[in-house]
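Shown next: final13.cif, containing mmCIF, C-alpha atoms; chains and numbers go by the auth columns.
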```cif
data_query
loop_
_atom_site.group_PDB
_atom_site.id
_atom_site.type_symbol
_atom_site.label_atom_id
_atom_site.label_comp_id
_atom_site.label_asym_id
_atom_site.label_seq_id
_atom_site.Cartn_x
_atom_site.Cartn_y
_atom_site.Cartn_z
_atom_site.B_iso_or_equiv
_atom_site.auth_seq_id
_atom_site.auth_asym_id
ATOM 1 C CA MET A 1 134.203 137.951 72.544 0.00 729 A
ATOM 2 C CA GLN A 2 131.298 136.224 70.854 0.00 730 A
ATOM 3 C CA GLU A 3 128.799 134.197 72.880 0.00 731 A
ATOM 4 C CA PHE A 4 128.837 130.440 72.285 0.00 732 A
ATOM 5 C CA ILE A 5 125.041 130.278 72.283 0.00 733 A
ATOM 6 C CA ASN A 6 122.621 133.108 72.902 0.00 734 A
ATOM 7 C CA PHE A 7 120.189 133.074 75.801 0.00 735 A
ATOM 8 C CA SER A 8 117.079 132.809 73.628 0.00 736 A
ATOM 9 C CA ILE A 9 118.250 129.618 71.932 0.00 737 A
ATOM 10 C CA LEU A 10 119.285 128.155 75.287 0.00 738 A
ATOM 11 C CA LEU A 11 115.793 128.790 76.657 0.00 739 A
ATOM 12 C CA LYS A 12 114.228 127.146 73.599 0.00 740 A
ATOM 13 C CA ILE A 13 116.438 124.064 74.032 0.00 741 A
ATOM 14 C CA ILE A 14 115.637 123.823 77.743 0.00 742 A
ATOM 15 C CA GLY A 15 111.949 124.292 76.931 0.00 743 A
ATOM 16 C CA ALA A 16 111.956 121.543 74.326 0.00 744 A
ATOM 17 C CA LEU A 17 113.799 119.133 76.628 0.00 745 A
ATOM 18 C CA SER A 18 111.449 119.883 79.519 0.00 746 A
ATOM 19 C CA VAL A 19 108.348 119.339 77.391 0.00 747 A
ATOM 20 C CA GLY A 20 109.831 116.071 76.127 0.00 748 A
ATOM 21 C CA ILE A 21 110.612 114.836 79.636 0.00 749 A
ATOM 22 C CA GLY A 22 107.160 115.868 80.855 0.00 750 A
ATOM 23 C CA SER A 23 105.486 114.028 77.986 0.00 751 A
ATOM 24 C CA ILE A 24 107.485 110.872 78.719 0.00 752 A
ATOM 25 C CA LEU A 25 106.584 111.012 82.427 0.00 753 A
ATOM 26 C CA LEU A 26 102.890 111.423 81.635 0.00 754 A
ATOM 27 C CA ALA A 27 103.092 108.559 79.133 0.00 755 A
ATOM 28 C CA LEU A 28 104.605 106.359 81.852 0.00 756 A
ATOM 29 C CA ARG A 29 101.724 107.338 84.135 0.00 757 A
ATOM 30 C CA VAL A 30 99.165 106.359 81.487 0.00 758 A
ATOM 31 C CA LYS A 31 101.002 103.077 80.873 0.00 759 A
ATOM 32 C CA SER A 32 100.900 102.292 84.586 0.00 760 A
ATOM 33 C CA ILE A 33 97.169 103.070 84.779 0.00 761 A
ATOM 34 C CA LEU A 34 96.411 100.851 81.778 0.00 762 A
ATOM 35 C CA GLN A 35 98.532 98.051 83.205 0.00 763 A
ATOM 36 C CA TRP A 36 96.597 98.151 86.480 0.00 764 A
ATOM 37 C CA VAL A 37 93.279 98.243 84.619 0.00 765 A
ATOM 38 C CA VAL A 38 94.291 95.041 82.837 0.00 766 A
ATOM 39 C CA PHE A 39 95.368 93.425 86.119 0.00 767 A
ATOM 40 C CA CYS A 40 92.055 94.320 87.753 0.00 768 A
ATOM 41 C CA LEU A 41 90.024 93.018 84.810 0.00 769 A
ATOM 42 C CA VAL A 42 91.911 89.707 84.758 0.00 770 A
ATOM 43 C CA ALA A 43 91.449 89.273 88.506 0.00 771 A
ATOM 44 C CA HIS A 44 87.761 90.166 88.209 0.00 772 A
ATOM 45 C CA GLU A 45 87.147 87.683 85.400 0.00 773 A
ATOM 46 C CA GLN A 46 89.043 84.958 87.242 0.00 774 A
ATOM 47 C CA SER A 47 87.002 85.545 90.381 0.00 775 A
ATOM 48 C CA ILE A 48 83.695 85.500 88.477 0.00 776 A
ATOM 49 C CA HIS A 49 84.680 82.240 86.784 0.00 777 A
ATOM 50 C CA GLN A 50 85.613 80.623 90.096 0.00 778 A
ATOM 51 C CA LEU A 51 82.409 81.821 91.774 0.00 779 A
ATOM 52 C CA SER A 52 80.367 80.419 88.890 0.00 780 A
ATOM 53 C CA LEU A 53 82.090 77.059 89.359 0.00 781 A
ATOM 54 C CA ILE A 54 81.188 77.126 93.063 0.00 782 A
ATOM 55 C CA ALA A 55 77.586 78.059 92.226 0.00 783 A
ATOM 56 C CA LYS A 56 77.360 75.078 89.858 0.00 784 A
ATOM 57 C CA GLY A 57 78.639 72.758 92.591 0.00 785 A
ATOM 58 C CA GLN A 58 81.969 72.186 90.872 0.00 786 A
ATOM 59 C CA VAL A 59 85.413 72.418 92.406 0.00 787 A
ATOM 60 C CA GLN A 60 87.163 75.729 91.826 0.00 788 A
ATOM 61 C CA SER A 61 90.495 75.407 90.012 0.00 789 A
ATOM 62 C CA GLU A 62 92.013 78.741 91.040 0.00 790 A
ATOM 63 C CA PRO A 63 91.598 81.052 94.016 0.00 791 A
ATOM 64 C CA VAL A 64 89.079 83.879 94.160 0.00 792 A
ATOM 65 C CA VAL A 65 91.082 87.105 94.082 0.00 793 A
ATOM 66 C CA ILE A 66 90.325 89.546 96.886 0.00 794 A
ATOM 67 C CA GLY A 67 91.957 92.881 97.685 0.00 795 A
ATOM 68 C CA VAL A 68 93.048 94.038 94.233 0.00 796 A
ATOM 69 C CA THR A 69 91.736 97.546 94.814 0.00 797 A
ATOM 70 C CA LYS A 70 93.771 97.855 98.025 0.00 798 A
ATOM 71 C CA HIS A 71 96.993 97.151 96.139 0.00 799 A
ATOM 72 C CA LEU A 72 95.932 99.393 93.275 0.00 800 A
ATOM 73 C CA ILE A 73 95.332 102.322 95.606 0.00 801 A
ATOM 74 C CA GLU A 74 98.679 101.758 97.367 0.00 802 A
ATOM 75 C CA VAL A 75 100.684 101.736 94.148 0.00 803 A
ATOM 76 C CA GLU A 76 98.805 104.548 92.426 0.00 804 A
ATOM 77 C CA SER A 77 98.946 106.829 95.462 0.00 805 A
ATOM 78 C CA LYS A 78 102.760 106.733 95.498 0.00 806 A
ATOM 79 C CA VAL A 79 104.272 106.336 92.055 0.00 807 A
ATOM 80 C CA GLY A 80 101.254 107.598 90.148 0.00 808 A
ATOM 81 C CA VAL A 81 101.054 110.956 91.891 0.00 809 A
ATOM 82 C CA ILE A 82 104.795 111.545 91.536 0.00 810 A
ATOM 83 C CA LEU A 83 104.726 110.846 87.789 0.00 811 A
ATOM 84 C CA PHE A 84 101.594 112.956 87.338 0.00 812 A
ATOM 85 C CA VAL A 85 102.911 116.004 89.188 0.00 813 A
ATOM 86 C CA ALA A 86 106.430 115.778 87.765 0.00 814 A
ATOM 87 C CA GLY A 87 105.098 115.365 84.224 0.00 815 A
ATOM 88 C CA PHE A 88 102.930 118.458 84.410 0.00 816 A
ATOM 89 C CA CYS A 89 105.694 120.455 86.129 0.00 817 A
ATOM 90 C CA PHE A 90 108.119 119.650 83.317 0.00 818 A
ATOM 91 C CA LEU A 91 105.489 120.530 80.719 0.00 819 A
ATOM 92 C CA GLY A 92 104.831 123.859 82.445 0.00 820 A
ATOM 93 C CA ILE A 93 108.523 124.685 82.777 0.00 821 A
ATOM 94 C CA GLY A 94 109.084 123.821 79.133 0.00 822 A
ATOM 95 C CA MET A 95 106.246 126.015 77.927 0.00 823 A
ATOM 96 C CA LEU A 96 107.364 128.860 80.178 0.00 824 A
ATOM 97 C CA CYS A 97 110.963 128.646 78.916 0.00 825 A
ATOM 98 C CA ASN A 98 109.735 128.644 75.346 0.00 826 A
ATOM 99 C CA ALA A 99 107.525 131.697 75.926 0.00 827 A
ATOM 100 C CA VAL A 100 110.294 133.605 77.711 0.00 828 A
ATOM 101 C CA SER A 101 112.702 132.831 74.871 0.00 829 A
ATOM 102 C CA TYR A 102 110.487 134.823 72.486 0.00 830 A
ATOM 103 C CA LEU A 103 110.302 137.723 74.938 0.00 831 A
ATOM 104 C CA VAL A 104 114.097 137.774 75.276 0.00 832 A
ATOM 105 C CA ASP A 105 114.384 138.201 71.504 0.00 833 A
ATOM 106 C CA TYR A 106 112.437 141.482 71.702 0.00 834 A
ATOM 107 C CA ILE A 107 114.243 142.941 74.708 0.00 835 A
#
```
Represent the structure contained in this file as structure tokens.
Amino acid sequence: MQEFINFSILLKIIGALSVGIGSILLALRVKSILQWVVFCLVAHEQSIHQLSLIAKGQVQSEPVVIGVTKHLIEVESKVGVILFVAGFCFLGIGMLCNAVSYLVDYI
């Protein structure tokens, strides 16, 4: 009876899928970091503008934003770490499967 797919090819497919999933997870992590950087910069600029209005004796039009870093640390400590660790785990598993697939060919 002939095998449907040999073990070496199966390992290469699993390796490629794992590397792809790991890359996507790390890309999501980078996207989340960049999104929070933009949020922090917008809040910072808004606060500076409002403080400059107060310093000039004018009425502020928007609130001064306080506590952005607290929220950033809360979000990044949960979702960010999970995406980071999972992304690198999938990359490692994918590379390991790919390397083992070449060893299986020679055994």
Checklist entry - Looking at only C-alpha atoms, which of A:Val832, A:Leu738, A:Ile761, A:Leu753 is the one that sits closest to Gly815 of chain A? => result A:Leu753
Next on the checklist: Just checking: using all atoms listed in the file, which residue out of A:Pro791, A:Gly808, A:Gly822, A:Gly785 ends up closest to Leu739 of chain A?
Outcome noted: A:Gly822
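Pairwise distance (atom CA of Lys798 of chain A, atom CA of Ile752 of chain A) equals 27.0 Å.
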Checklist entry - With distances taken over all atoms listed in the file, which of A:Ser805, A:Thr797, A:Ser829, A:Ser780 is nearest to Phe767 of chain A? => result A:Thr797
Item to check | atom CA of Val813 of chain A to atom CA of Ser760 of chain A, distance in Å rounded to a single decimal | outcome: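 These two atoms are separated by 14.6 Å.
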Next on the checklist: I'd like the interatomic distance between atom CA of Val765 of chain A and atom CA of Gln788 of chain A, to a tenth of an Å.
Outcome noted: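 Interatomic distance, atom CA of Val765 of chain A to atom CA of Gln788 of chain A: 24.4 Å.
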